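A.B. asks: This is work_27.txt (compact mmCIF, C-alpha atoms and all ligand atoms).
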# COMPACT_ATOMS: atom_id res chain seq x y z
CA MET X 1 -18.40 15.61 3.44
CA SER X 2 -16.11 13.86 5.94
CA GLU X 3 -12.64 15.35 6.27
CA ASN X 4 -11.92 13.43 9.46
CA PRO X 5 -8.83 11.35 8.67
CA LYS X 6 -10.27 8.55 10.76
CA GLU X 7 -13.38 8.33 8.59
CA PRO X 8 -12.98 6.07 5.57
CA LYS X 9 -12.68 7.88 2.26
CA ILE X 10 -14.42 4.99 0.51
CA ARG X 11 -16.82 2.57 2.15
CA ILE X 12 -18.10 -0.42 0.21
CA GLU X 13 -20.94 -2.36 1.79
CA HIS X 14 -22.17 -5.72 0.54
CA LEU X 15 -21.50 -4.84 -3.07
CA THR X 16 -22.78 -7.33 -5.61
CA LYS X 17 -22.74 -7.14 -9.38
CA ILE X 18 -24.51 -9.71 -11.50
CA PHE X 19 -24.38 -9.53 -15.27
CA GLY X 20 -27.40 -10.75 -17.23
CA SER X 21 -31.12 -10.23 -17.59
CA GLN X 22 -32.20 -12.48 -14.71
CA SER X 23 -30.10 -10.68 -12.14
CA LYS X 24 -32.84 -10.58 -9.47
CA GLU X 25 -33.21 -14.34 -9.48
CA ALA X 26 -29.45 -14.75 -9.59
CA LEU X 27 -29.05 -12.39 -6.62
CA LYS X 28 -31.51 -14.46 -4.59
CA MET X 29 -29.59 -17.61 -5.42
CA LEU X 30 -26.34 -15.94 -4.44
CA GLN X 31 -27.84 -14.81 -1.14
CA HIS X 32 -28.90 -18.41 -0.48
CA GLY X 33 -25.36 -19.62 -0.95
CA ALA X 34 -25.39 -20.80 -4.56
CA GLY X 35 -22.04 -20.76 -6.36
CA LYS X 36 -21.06 -18.87 -9.51
CA ASP X 37 -21.28 -21.91 -11.80
CA GLU X 38 -24.69 -22.99 -10.52
CA ILE X 39 -26.03 -19.45 -10.97
CA LEU X 40 -24.69 -19.32 -14.50
CA ASP X 41 -26.23 -22.72 -15.28
CA LYS X 42 -29.70 -21.88 -13.95
CA THR X 43 -30.04 -18.20 -14.87
CA GLY X 44 -27.44 -17.52 -17.53
CA CYS X 45 -26.13 -14.70 -15.32
CA GLY X 46 -22.48 -14.08 -14.51
CA VAL X 47 -21.48 -13.09 -10.99
CA GLY X 48 -18.95 -10.25 -11.23
CA VAL X 49 -18.73 -9.28 -7.56
CA ALA X 50 -20.34 -11.15 -4.68
CA ASP X 51 -21.11 -9.38 -1.39
CA ALA X 52 -17.87 -7.39 -1.13
CA SER X 53 -17.34 -5.05 1.82
CA PHE X 54 -14.28 -3.02 2.77
CA THR X 55 -13.15 0.52 3.45
CA VAL X 56 -10.29 2.63 2.18
CA ALA X 57 -8.79 5.24 4.51
CA PRO X 58 -7.78 8.71 3.29
CA GLY X 59 -4.25 8.55 1.84
CA GLU X 60 -4.23 4.76 1.76
CA ILE X 61 -3.23 2.58 -1.20
CA VAL X 62 -5.43 -0.49 -1.35
CA VAL X 63 -4.53 -3.02 -4.01
CA VAL X 64 -7.39 -5.21 -5.24
CA MET X 65 -5.74 -8.41 -6.34
CA GLY X 66 -6.85 -11.70 -7.79
CA LEU X 67 -6.60 -13.94 -10.82
CA SER X 68 -8.24 -13.11 -14.12
CA GLY X 69 -12.03 -13.11 -13.79
CA SER X 70 -12.01 -12.74 -10.00
CA GLY X 71 -13.99 -9.49 -10.19
CA LYS X 72 -11.35 -6.80 -9.67
CA SER X 73 -12.30 -4.55 -12.59
CA THR X 74 -16.00 -4.95 -11.95
CA LEU X 75 -15.56 -3.96 -8.32
CA VAL X 76 -13.50 -0.88 -9.11
CA ARG X 77 -15.78 0.20 -11.95
CA CYS X 78 -18.71 0.07 -9.54
CA ILE X 79 -16.95 2.72 -7.42
CA ASN X 80 -17.37 5.33 -10.17
CA ARG X 81 -20.46 3.59 -11.55
CA LEU X 82 -18.96 2.87 -14.92
CA ILE X 83 -20.73 -0.36 -13.96
CA GLU X 84 -24.05 -0.16 -12.08
CA PRO X 85 -24.06 -2.34 -8.95
CA THR X 86 -26.85 -4.91 -8.59
CA ALA X 87 -26.95 -4.62 -4.79
CA GLY X 88 -25.05 -3.00 -1.96
CA LYS X 89 -23.82 0.52 -1.32
CA ILE X 90 -20.70 2.57 -1.99
CA PHE X 91 -19.95 5.69 -0.02
CA ILE X 92 -17.37 8.31 -0.87
CA ASP X 93 -16.92 10.86 1.93
CA ASP X 94 -20.14 9.47 3.38
CA GLU X 95 -22.09 10.26 0.20
CA ASP X 96 -23.94 7.25 -1.20
CA ILE X 97 -22.61 6.96 -4.75
CA THR X 98 -25.12 4.25 -5.65
CA ALA X 99 -28.02 6.67 -5.04
CA LEU X 100 -26.66 9.73 -6.86
CA PRO X 101 -28.62 11.37 -9.68
CA VAL X 102 -26.71 11.56 -12.97
CA ASP X 103 -25.65 15.22 -12.74
CA ARG X 104 -24.24 14.86 -9.23
CA LEU X 105 -22.51 11.61 -10.24
CA ARG X 106 -20.87 13.46 -13.13
CA GLN X 107 -19.66 16.14 -10.75
CA VAL X 108 -18.27 13.57 -8.29
CA ARG X 109 -16.47 11.76 -11.11
CA LEU X 110 -14.92 15.00 -12.34
CA THR X 111 -13.87 16.40 -9.00
CA LYS X 112 -13.14 13.42 -6.76
CA LEU X 113 -12.30 10.46 -8.94
CA GLY X 114 -9.42 10.03 -11.35
CA MET X 115 -9.05 6.87 -13.36
CA VAL X 116 -5.93 5.42 -14.98
CA PHE X 117 -6.39 2.54 -17.41
CA GLN X 118 -4.13 -0.32 -18.49
CA ASN X 119 -4.20 0.58 -22.18
CA PHE X 120 -3.44 4.28 -21.43
CA ALA X 121 -6.61 5.34 -23.33
CA LEU X 122 -4.87 8.37 -24.84
CA PHE X 123 -6.22 10.33 -27.80
CA PRO X 124 -3.72 9.81 -30.65
CA HIS X 125 -4.61 13.08 -32.40
CA ARG X 126 -3.99 15.17 -29.29
CA THR X 127 -0.61 16.25 -28.02
CA VAL X 128 0.68 15.09 -24.64
CA CYS X 129 -0.45 18.35 -23.06
CA GLN X 130 -3.87 18.24 -24.74
CA ASN X 131 -4.31 14.70 -23.45
CA ALA X 132 -3.39 15.81 -19.93
CA GLU X 133 -5.84 18.71 -20.26
CA TYR X 134 -8.75 16.53 -21.30
CA GLY X 135 -10.63 16.33 -17.98
CA LEU X 136 -10.10 20.03 -17.33
CA GLU X 137 -11.58 20.80 -20.72
CA ILE X 138 -14.66 18.74 -19.82
CA GLN X 139 -14.83 20.70 -16.57
CA GLY X 140 -15.06 23.86 -18.70
CA LEU X 141 -11.83 25.45 -17.52
CA ASP X 142 -10.42 28.20 -19.74
CA PRO X 143 -7.52 27.21 -22.02
CA ALA X 144 -4.77 29.13 -20.19
CA LYS X 145 -5.73 27.73 -16.80
CA ARG X 146 -6.04 24.17 -18.04
CA ARG X 147 -2.67 24.30 -19.79
CA GLU X 148 -1.12 25.57 -16.58
CA LYS X 149 -2.62 22.71 -14.53
CA ALA X 150 -1.78 20.10 -17.17
CA MET X 151 1.84 21.32 -17.27
CA ILE X 152 2.13 20.97 -13.48
CA ALA X 153 0.77 17.43 -13.69
CA LEU X 154 3.16 16.56 -16.53
CA GLU X 155 6.05 17.86 -14.51
CA GLN X 156 4.93 15.76 -11.53
CA VAL X 157 5.19 12.60 -13.63
CA GLY X 158 8.54 13.58 -15.17
CA LEU X 159 7.30 14.60 -18.63
CA LYS X 160 8.34 18.23 -18.68
CA GLY X 161 9.53 19.06 -22.20
CA TRP X 162 7.31 16.44 -23.87
CA GLU X 163 4.09 18.46 -23.83
CA ASP X 164 3.92 19.13 -27.58
CA TYR X 165 4.71 15.61 -28.75
CA TYR X 166 2.02 13.13 -29.79
CA PRO X 167 1.46 9.81 -27.95
CA VAL X 168 2.87 7.86 -30.87
CA ASN X 169 6.28 9.48 -30.24
CA LEU X 170 6.35 8.21 -26.66
CA SER X 171 7.38 4.85 -25.15
CA GLY X 172 4.79 2.76 -23.31
CA GLY X 173 6.05 3.93 -19.94
CA MET X 174 5.83 7.57 -21.01
CA GLN X 175 2.34 7.08 -22.41
CA GLN X 176 1.25 5.70 -19.07
CA ARG X 177 2.76 8.74 -17.38
CA VAL X 178 0.50 10.87 -19.60
CA GLY X 179 -2.45 8.75 -18.46
CA LEU X 180 -1.44 9.40 -14.86
CA ALA X 181 -0.91 13.13 -15.51
CA ARG X 182 -4.38 13.37 -17.06
CA ALA X 183 -5.85 11.95 -13.86
CA LEU X 184 -3.63 14.09 -11.60
CA ALA X 185 -4.37 17.33 -13.49
CA LEU X 186 -7.88 17.24 -12.00
CA ASP X 187 -6.36 16.89 -8.55
CA PRO X 188 -8.88 14.24 -7.50
CA ASP X 189 -8.91 12.89 -3.93
CA ILE X 190 -9.17 9.35 -5.25
CA LEU X 191 -7.27 7.55 -7.99
CA LEU X 192 -8.68 4.34 -9.42
CA MET X 193 -5.90 2.54 -11.25
CA ASP X 194 -6.98 -0.45 -13.31
CA GLU X 195 -3.93 -2.67 -14.04
CA ALA X 196 -2.27 0.65 -14.76
CA PHE X 197 1.23 -0.78 -15.12
CA SER X 198 0.43 -4.25 -16.48
CA ALA X 199 1.11 -3.39 -20.12
CA LEU X 200 4.63 -2.15 -19.36
CA ASP X 201 7.74 -4.29 -19.57
CA PRO X 202 9.14 -5.35 -16.19
CA LEU X 203 11.89 -2.73 -15.75
CA ILE X 204 9.66 0.20 -16.72
CA ARG X 205 6.91 -1.28 -14.61
CA GLY X 206 9.20 -1.34 -11.57
CA ASP X 207 10.17 2.29 -12.24
CA MET X 208 6.53 3.33 -12.46
CA GLN X 209 5.77 1.56 -9.18
CA ASP X 210 8.64 3.44 -7.51
CA GLU X 211 7.41 6.66 -9.05
CA LEU X 212 3.89 6.10 -7.76
CA ILE X 213 5.22 5.45 -4.25
CA ASN X 214 7.31 8.59 -4.53
CA LEU X 215 4.39 10.70 -5.82
CA GLN X 216 2.13 9.29 -3.15
CA SER X 217 4.52 10.35 -0.38
CA ARG X 218 3.87 13.93 -1.53
CA MET X 219 0.27 13.73 -2.78
CA HIS X 220 -1.44 11.51 -0.20
CA LYS X 221 -4.21 10.47 -2.58
CA THR X 222 -6.57 7.65 -1.74
CA ILE X 223 -5.70 4.98 -4.27
CA VAL X 224 -7.49 1.81 -5.30
CA PHE X 225 -5.08 -0.08 -7.50
CA ILE X 226 -6.07 -3.23 -9.38
CA SER X 227 -3.41 -5.81 -10.03
CA HIS X 228 -3.17 -9.51 -10.77
CA ASP X 229 0.49 -9.39 -9.79
CA LEU X 230 1.32 -10.38 -6.23
CA ASP X 231 4.73 -8.67 -6.16
CA GLU X 232 3.14 -5.43 -7.32
CA ALA X 233 0.43 -5.74 -4.67
CA LEU X 234 2.99 -6.39 -1.94
CA LYS X 235 5.09 -3.45 -3.07
CA LEU X 236 2.33 -0.87 -3.48
CA GLY X 237 -0.45 -1.85 -1.13
CA ASP X 238 -0.81 -0.47 2.37
CA ARG X 239 -3.45 -3.18 2.40
CA ILE X 240 -4.42 -5.84 -0.09
CA VAL X 241 -7.93 -7.02 -0.92
CA LEU X 242 -7.63 -10.52 -2.33
CA MET X 243 -10.54 -11.69 -4.51
CA LYS X 244 -11.63 -15.05 -5.83
CA ASP X 245 -14.75 -15.77 -7.89
CA GLY X 246 -16.15 -12.30 -7.18
CA ALA X 247 -15.82 -12.59 -3.39
CA ILE X 248 -13.21 -11.12 -1.08
CA VAL X 249 -11.19 -13.92 0.51
CA GLN X 250 -8.89 -11.78 2.65
CA ILE X 251 -8.15 -8.14 3.44
CA GLY X 252 -4.97 -7.17 5.22
CA THR X 253 -1.46 -5.83 5.10
CA ALA X 254 1.10 -7.81 3.13
CA GLU X 255 2.48 -9.16 6.38
CA GLN X 256 -0.93 -10.20 7.68
CA ILE X 257 -1.73 -12.00 4.45
CA LEU X 258 1.64 -13.72 4.25
CA THR X 259 1.88 -14.74 7.87
CA ASN X 260 -1.78 -15.46 8.48
CA PRO X 261 -3.42 -16.57 5.24
CA ALA X 262 -7.19 -16.83 5.72
CA ASN X 263 -7.46 -20.20 3.99
CA ASP X 264 -5.67 -22.71 1.77
CA TYR X 265 -6.38 -20.67 -1.34
CA VAL X 266 -4.57 -17.63 0.06
CA ALA X 267 -1.75 -19.80 1.43
CA ARG X 268 -1.18 -21.30 -2.01
CA PHE X 269 -1.43 -17.89 -3.63
CA VAL X 270 1.39 -16.49 -1.50
CA GLU X 271 3.51 -19.60 -0.96
CA ASN X 272 6.42 -18.49 -3.14
CA VAL X 273 6.79 -15.01 -1.69
CA ASP X 274 10.13 -14.20 -0.06
CA ILE X 275 8.93 -13.34 3.42
CA THR X 276 12.08 -11.36 4.24
CA LYS X 277 11.12 -8.74 1.67
CA VAL X 278 7.80 -8.16 3.34
CA LEU X 279 8.54 -8.35 7.04
CA THR X 280 9.93 -5.13 8.46
CA ALA X 281 12.36 -4.29 11.24
CA GLU X 282 9.38 -3.34 13.39
CA SER X 283 7.78 -6.75 13.03
CA VAL X 284 10.91 -8.68 14.09
CA MET X 285 12.32 -6.38 16.79
CA ILE X 286 12.06 -6.98 20.50
CA LYS X 287 10.78 -4.31 22.81
CA PRO X 288 13.51 -2.10 24.22
CA LYS X 289 12.55 -2.01 27.92
CA ALA X 290 15.52 -3.96 29.25
CA VAL X 291 18.13 -2.58 26.87
CA VAL X 292 17.98 1.16 27.41
CA PHE X 293 19.39 3.29 30.10
CA LEU X 294 19.08 6.93 31.00
CA SER X 295 22.22 8.98 30.32
CA ALA X 296 21.86 10.84 33.63
CA HIS X 297 23.11 7.75 35.49
CA GLY X 298 26.78 6.87 35.78
CA PRO X 299 28.84 3.92 34.49
CA LYS X 300 28.60 2.10 37.82
CA SER X 301 24.83 1.89 37.88
CA ALA X 302 24.84 1.14 34.13
CA LEU X 303 27.11 -1.84 34.81
CA ARG X 304 24.88 -3.05 37.66
CA PHE X 305 21.86 -2.74 35.40
CA MET X 306 23.55 -4.77 32.65
CA GLN X 307 24.63 -7.48 35.13
CA LYS X 308 21.09 -7.70 36.50
CA GLN X 309 19.57 -7.96 33.02
CA GLY X 310 22.29 -10.29 31.73
CA LEU X 311 23.23 -7.83 28.95
CA SER X 312 26.69 -7.18 27.54
CA GLN X 313 25.69 -3.71 26.31
CA ILE X 314 22.89 -1.19 26.61
CA PHE X 315 21.63 1.71 24.56
CA VAL X 316 21.61 5.08 26.24
CA HIS X 317 18.80 7.58 25.91
CA ASP X 318 18.37 11.14 27.09
CA ALA X 319 15.50 12.60 29.11
CA GLU X 320 13.43 12.97 25.91
CA GLN X 321 13.83 9.26 25.19
CA ASN X 322 16.06 9.98 22.20
CA VAL X 323 18.63 7.26 21.72
CA ILE X 324 22.07 8.86 21.81
CA GLY X 325 24.60 6.04 22.11
CA TYR X 326 25.50 2.68 23.56
CA VAL X 327 27.84 1.38 26.24
CA THR X 328 29.34 -2.09 26.64
CA ALA X 329 29.72 -3.79 30.01
CA ASP X 330 33.52 -3.83 29.55
CA THR X 331 33.67 -0.08 28.96
CA ALA X 332 31.35 0.62 31.90
CA SER X 333 33.39 -1.65 34.19
CA GLU X 334 36.70 -0.08 33.18
CA ALA X 335 35.26 3.45 33.51
CA SER X 336 33.73 2.86 36.91
CA SER X 337 36.98 1.38 38.26
CA ARG X 338 38.81 4.55 37.27
CA GLY X 339 36.12 6.65 38.96
CA GLU X 340 34.37 7.98 35.86
CA THR X 341 30.87 9.19 36.77
CA GLU X 342 29.52 10.50 33.46
CA LEU X 343 27.96 7.92 31.16
CA HIS X 344 27.87 10.21 28.15
CA ARG X 345 31.70 10.53 28.28
CA ILE X 346 32.24 6.81 27.73
CA MET X 347 29.38 5.88 25.43
CA GLN X 348 29.79 5.20 21.73
CA THR X 349 27.77 7.72 19.79
CA ASP X 350 28.63 6.27 16.40
CA PHE X 351 26.27 3.35 15.87
CA VAL X 352 24.19 1.84 13.11
CA SER X 353 20.40 1.95 13.38
CA VAL X 354 17.49 1.20 11.07
CA LEU X 355 14.05 2.70 10.58
CA PRO X 356 11.03 0.58 11.64
CA GLU X 357 9.92 0.13 8.02
CA THR X 358 13.24 -1.36 6.84
CA PRO X 359 12.57 -4.71 5.11
CA ALA X 360 13.83 -7.71 7.08
CA ALA X 361 15.88 -8.84 4.07
CA GLU X 362 18.10 -5.78 4.51
CA LEU X 363 18.70 -6.48 8.20
CA ILE X 364 20.65 -9.70 7.81
CA PRO X 365 23.64 -8.15 5.99
CA ILE X 366 23.57 -5.06 8.24
CA MET X 367 23.77 -7.25 11.33
CA ALA X 368 26.54 -9.51 10.02
CA ASP X 369 29.45 -7.81 11.81
CA LEU X 370 27.59 -5.72 14.33
CA PRO X 371 28.98 -6.05 17.88
CA TYR X 372 25.69 -4.86 19.43
CA PRO X 373 21.97 -5.52 18.85
CA LEU X 374 20.64 -3.47 15.95
CA PRO X 375 18.54 -0.59 17.28
CA VAL X 376 15.30 0.29 15.51
CA VAL X 377 15.00 4.05 15.76
CA SER X 378 12.09 6.04 14.35
CA ALA X 379 12.66 9.22 12.33
CA ASP X 380 12.16 11.28 15.52
CA ARG X 381 15.11 9.41 17.16
CA LYS X 382 13.00 7.35 19.58
CA LEU X 383 14.22 3.83 20.21
CA ARG X 384 11.39 1.54 19.11
CA GLY X 385 13.13 -1.77 19.69
CA VAL X 386 16.24 -3.77 19.03
CA ILE X 387 16.92 -6.69 16.78
CA ILE X 388 19.01 -9.57 18.04
CA ARG X 389 20.33 -11.95 15.41
CA GLY X 390 18.85 -15.02 17.10
CA SER X 391 15.41 -13.49 17.44
CA LEU X 392 15.49 -12.23 13.85
CA LEU X 393 16.30 -15.67 12.47
CA ALA X 394 13.72 -17.28 14.75
CA ALA X 395 11.06 -14.75 13.65
CA LEU X 396 11.81 -15.35 9.98
CA ALA X 397 11.76 -19.12 10.41
CA GLU X 398 8.51 -18.93 12.36
CA ARG X 399 6.81 -16.69 9.78
CA GLY X 400 8.15 -18.84 6.97
CA ARG X 401 6.73 -21.96 8.60
CA ASN X 402 3.28 -20.43 9.06
CA ASN X 403 3.45 -19.24 5.50
CA ASN X 404 4.17 -22.68 4.12
CA ALA X 405 1.88 -24.59 6.46
N1 LIG S 501 -20.04 -7.13 -19.25
C1 LIG S 501 -20.02 -8.34 -18.73
N2 LIG S 501 -20.98 -9.24 -19.02
C2 LIG S 501 -21.00 -10.49 -18.48
N3 LIG S 501 -20.07 -10.93 -17.61
C3 LIG S 501 -19.08 -10.08 -17.29
C4 LIG S 501 -18.99 -8.75 -17.83
N4 LIG S 501 -17.90 -8.16 -17.31
C5 LIG S 501 -17.33 -9.06 -16.50
N5 LIG S 501 -18.03 -10.20 -16.47
C6 LIG S 501 -17.72 -11.40 -15.68
O1 LIG S 501 -17.54 -11.00 -14.33
C7 LIG S 501 -16.47 -11.73 -13.75
C8 LIG S 501 -15.44 -10.76 -13.21
O2 LIG S 501 -14.82 -10.09 -14.30
P1 LIG S 501 -13.75 -8.92 -14.09
O3 LIG S 501 -13.41 -8.41 -15.44
O4 LIG S 501 -14.26 -7.96 -13.09
O5 LIG S 501 -12.55 -9.74 -13.48
P2 LIG S 501 -11.04 -9.28 -13.30
O6 LIG S 501 -10.60 -9.87 -12.02
O7 LIG S 501 -10.94 -7.81 -13.45
O8 LIG S 501 -10.36 -10.01 -14.52
P3 LIG S 501 -9.17 -9.51 -15.48
O9 LIG S 501 -7.94 -9.49 -14.62
O10 LIG S 501 -9.12 -10.57 -16.52
O11 LIG S 501 -9.56 -8.17 -15.98
C9 LIG S 501 -15.91 -12.64 -14.84
O12 LIG S 501 -16.47 -13.93 -14.68
C10 LIG S 501 -16.40 -12.01 -16.11
O13 LIG S 501 -16.60 -12.97 -17.11
Reformat the file's structure so that it appears as structure tokens.

C.D. replies:
Amino acid sequence: MSENPKEPKIRIEHLTKIFGSQSKEALKMLQHGAGKDEILDKTGCGVGVADASFTVAPGEIVVVMGLSGSGKSTLVRCINRLIEPTAGKIFIDDEDITALPVDRLRQVRLTKLGMVFQNFALFPHRTVCQNAEYGLEIQGLDPAKRREKAMIALEQVGLKGWEDYYPVNLSGGMQQRVGLARALALDPDILLMDEAFSALDPLIRGDMQDELINLQSRMHKTIVFISHDLDEALKLGDRIVLMKDGAIVQIGTAEQILTNPANDYVARFVENVDITKVLTAESVMIKPKAVVFLSAHGPKSALRFMQKQGLSQIFVHDAEQNVIGYVTADTASEASSRGETELHRIMQTDFVSVLPETPAAELIPIMADLPYPLPVVSADRKLRGVIIRGSLLAALAERGRNNNA
């Protein structure tokens, strides 16, 4: 079993699923470049997934996205072999799932894979807690232990106090939380979520997405999330796998897909996305080399540095590269003419900064009245870059143009 975080948690290699009795012939046709319609015409077989390959890293959320019939469900159901692949291999922790005997497959499903379905798939005659306990019961855990684990999972999804109600008493959003708790109670490494939020109305759906992001920041599960909704994919996915007619047309981060669509199909798919919600501070900042200055130097050399670089202010960092303030050329000039030698005595320590992952849309209002470039500072206080209004607008325009090309 691979626990190396660099090793993929899931590896899918040339996965193909063909539905129908003449699947061998259909597979050959597919391998020789025949299209879905031609294969259906000649063999009566439907191509579910065609030669799909990708990996999912531990702790990553990969959203498999595409229009109805593009093969998303088939692909994800091959991962736990609810659907048997026609060709190709699937590895989980380097174990070939496609070659597992039934008893080992059962064990892998129970211990490593949790599944959350669109229609919640709850048992109406069981209470919330009994629903959450279901997988643990199948595992053969004793009643006290499984109730304890189910209660922890219910608390994680915000359903503490609802354990003795029946699904019928719960709203759609709450029912889906039970579905999620049932999967989480088993503490699987991997969650497969099949349109898990699609049946919910938009506000509840947005809440559930936020909740999943929040849970994920604590749980670090490996998640394969199916969605036909681009906004959901952009919001949840560390990476997105975009499918069309059973084949993968592009794999990448939201930004990669939006700014560099692989073909016209992807470009059209993403053309109405607001790019500023996807680009981050990190992707539009400029590198900080020429705008930082070590606090150990005095105002005079700071002023010389600014004049040389053509800057009207610089950020000041300490010996550990932590950004601690900024100084304007005017302040440095005035301080050096009165003989001040300590930079830290004249610098402004009260300044606005943003984290690298801040969406670009939030930067524009922040920068509106800012008298200095907006510093991008990571959580450990290192200056990663600065954003200058002109370069931000140019970056957005440039990305927008590529996106609409
Ligand atoms: N059991 C089956 N028998 C025959 N064809 C099937 C079967 N299941 C799926 N297919 C076909 O495989 C293709 C992919 O279907 P799949 O359900 O995986 O797509 P999807 O992207 O998940 O669609 P949706 O969003 O509508 O669920 C479709 O053409 C579908 O008709």

A.B. asks: Near X:Ala233, counting all atoms listed in the file, which residues have an atom at most 9 Å away, once you skip same-chain residues fewer than 4 positions from it, shown as a list in words?

C.D. replies: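 Here the qualifying residues turn out to be Val62, Val63, Val64, Met65, Phe225, Ile226, Ser227, His228, Asp229, Gly237, Asp238, Arg239, Ile240 and Ala254 of chain X.
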
A.B. asks: Need the shell around X:Arg345: protein/DNA/RNA residues with any atom at most 12 Å away, counting all atoms listed in the file. Skip same-chain ones fewer than 5 positions apart. Format as a ChimeraX atom specification?

C.D. replies: /X:295-299,316,324-327,331-332,335-336,340

A.B. asks: Give me, please, the distance in Å between atom CA of X:Asn272 and atom CA of X:Ile257, quoted to one decimal.

C.D. replies: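 Between atom CA of X:Asn272 and atom CA of X:Ile257 the gap works out to 12.9 Å.
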
A.B. asks: Would you pick out the contacts of stretch 363-376 of chain X at 8 Å or less, using all atoms listed in the file, so that residues sharing its chain but fewer than 4 positions from it are not included, and give the list as a VMD selection string?

C.D. replies: chain X and resid 281 to 282 285 313 352 to 356 358 to 359 383 to 389

A.B. asks: Could you give me, as an MDAnalysis selection string, every polymer residue with an atom at most 9 Å away from an atom of ligand LIG 501 (chain S), counting only C-alpha atoms and all ligand atoms?

C.D. replies: chainID X and resid 17:20 36 45:49 64:77 83 194:195 226:228 243:246

A.B. asks: Might you pull out every residue within 7 Å of X:Pro8, with all atoms listed in the file counted and same-chain residues fewer than 2 positions away left off, and present them as a list in words?

C.D. replies: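 Once the adjacent positions are removed, what remains is Lys6, Ile10, Arg11, Thr55, Val56, Ala57 and Pro58 of chain X.
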
A.B. asks: Within 9 Å of stretch 133-140 of chain X, counting all atoms listed in the file, which residues qualify if same-chain residues fewer than 3 places away don't, as a list in words?

C.D. replies: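 My reading of the contact set: Gln107, Leu110, Thr111, Val128, Cys129, Gln130, Pro143, Lys145, Arg146, Arg147, Lys149, Ala150, Met151, Ala181, Arg182, Ala183, Ala185 and Leu186 of chain X.
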
A.B. asks: For the selection just defined, write its residues with C-alpha atoms to a file, as a PDB file, keeping the file's coordinate frame.

C.D. replies:
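out-v1.pdb, written as the output of this step:
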ATOM      1  CA  GLN X 107     -19.660  16.140 -10.750  1.00  0.00           C
ATOM      2  CA  LEU X 110     -14.920  15.000 -12.340  1.00  0.00           C
ATOM      3  CA  THR X 111     -13.870  16.400  -9.000  1.00  0.00           C
ATOM      4  CA  VAL X 128       0.680  15.090 -24.640  1.00  0.00           C
ATOM      5  CA  CYS X 129      -0.450  18.350 -23.060  1.00  0.00           C
ATOM      6  CA  GLN X 130      -3.870  18.240 -24.740  1.00  0.00           C
ATOM      7  CA  PRO X 143      -7.520  27.210 -22.020  1.00  0.00           C
ATOM      8  CA  LYS X 145      -5.730  27.730 -16.800  1.00  0.00           C
ATOM      9  CA  ARG X 146      -6.040  24.170 -18.040  1.00  0.00           C
ATOM     10  CA  ARG X 147      -2.670  24.300 -19.790  1.00  0.00           C
ATOM     11  CA  LYS X 149      -2.620  22.710 -14.530  1.00  0.00           C
ATOM     12  CA  ALA X 150      -1.780  20.100 -17.170  1.00  0.00           C
ATOM     13  CA  MET X 151       1.840  21.320 -17.270  1.00  0.00           C
ATOM     14  CA  ALA X 181      -0.910  13.130 -15.510  1.00  0.00           C
ATOM     15  CA  ARG X 182      -4.380  13.370 -17.060  1.00  0.00           C
ATOM     16  CA  ALA X 183      -5.850  11.950 -13.860  1.00  0.00           C
ATOM     17  CA  ALA X 185      -4.370  17.330 -13.490  1.00  0.00           C
ATOM     18  CA  LEU X 186      -7.880  17.240 -12.000  1.00  0.00           C
TER      19      LEU X 186
END

A.B. asks: Calculated over all atoms listed in the file, which of the candidates X:Pro188, X:Pro167, X:Gly310, X:Pro202 has the smallest distance to X:His220?

C.D. replies: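 Using all atoms listed in the file, X:His220 sits closest to X:Pro188.
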
A.B. asks: Between atom CA of X:Val102 and atom CA of X:Gly179, what distance in Å does the model show, to one decimal?

C.D. replies: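 Here the two named atoms are 25.0 Å from each other.
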
A.B. asks: Could you tell me how far atom CA of X:Val157 lies from atom CA of X:His125, in Å and to one decimal?

C.D. replies: 21.2 Å

A.B. asks: Point out the residue among X:Ala153, X:Leu15, X:Met208, X:Ile346 with the least atom-to-atom distance to X:Cys78, counting all atoms listed in the file.

C.D. replies: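 Going through X:Ala153, X:Leu15, X:Met208, X:Ile346 one by one, the smallest distance to X:Cys78 is for X:Leu15.
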
A.B. asks: Please report, as AutoDock Vina command-line options, the centre and edge lengths in Å to one decimal of an axis-aligned box covering all listed atoms of stretch 204-213 of chain X with 4 Å per side.

C.D. replies:
--center_x 7.0 --center_y 2.7 --center_z -10.5 --size_x 14.3 --size_y 16.0 --size_z 20.5

A.B. asks: For X:Ala262, which residue among X:Leu141, X:Leu234, X:Ala199, X:Ile248 is the nearest when counting all atoms listed in the file?

C.D. replies: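 Closest to X:Ala262, using all atoms listed in the file: X:Ile248.
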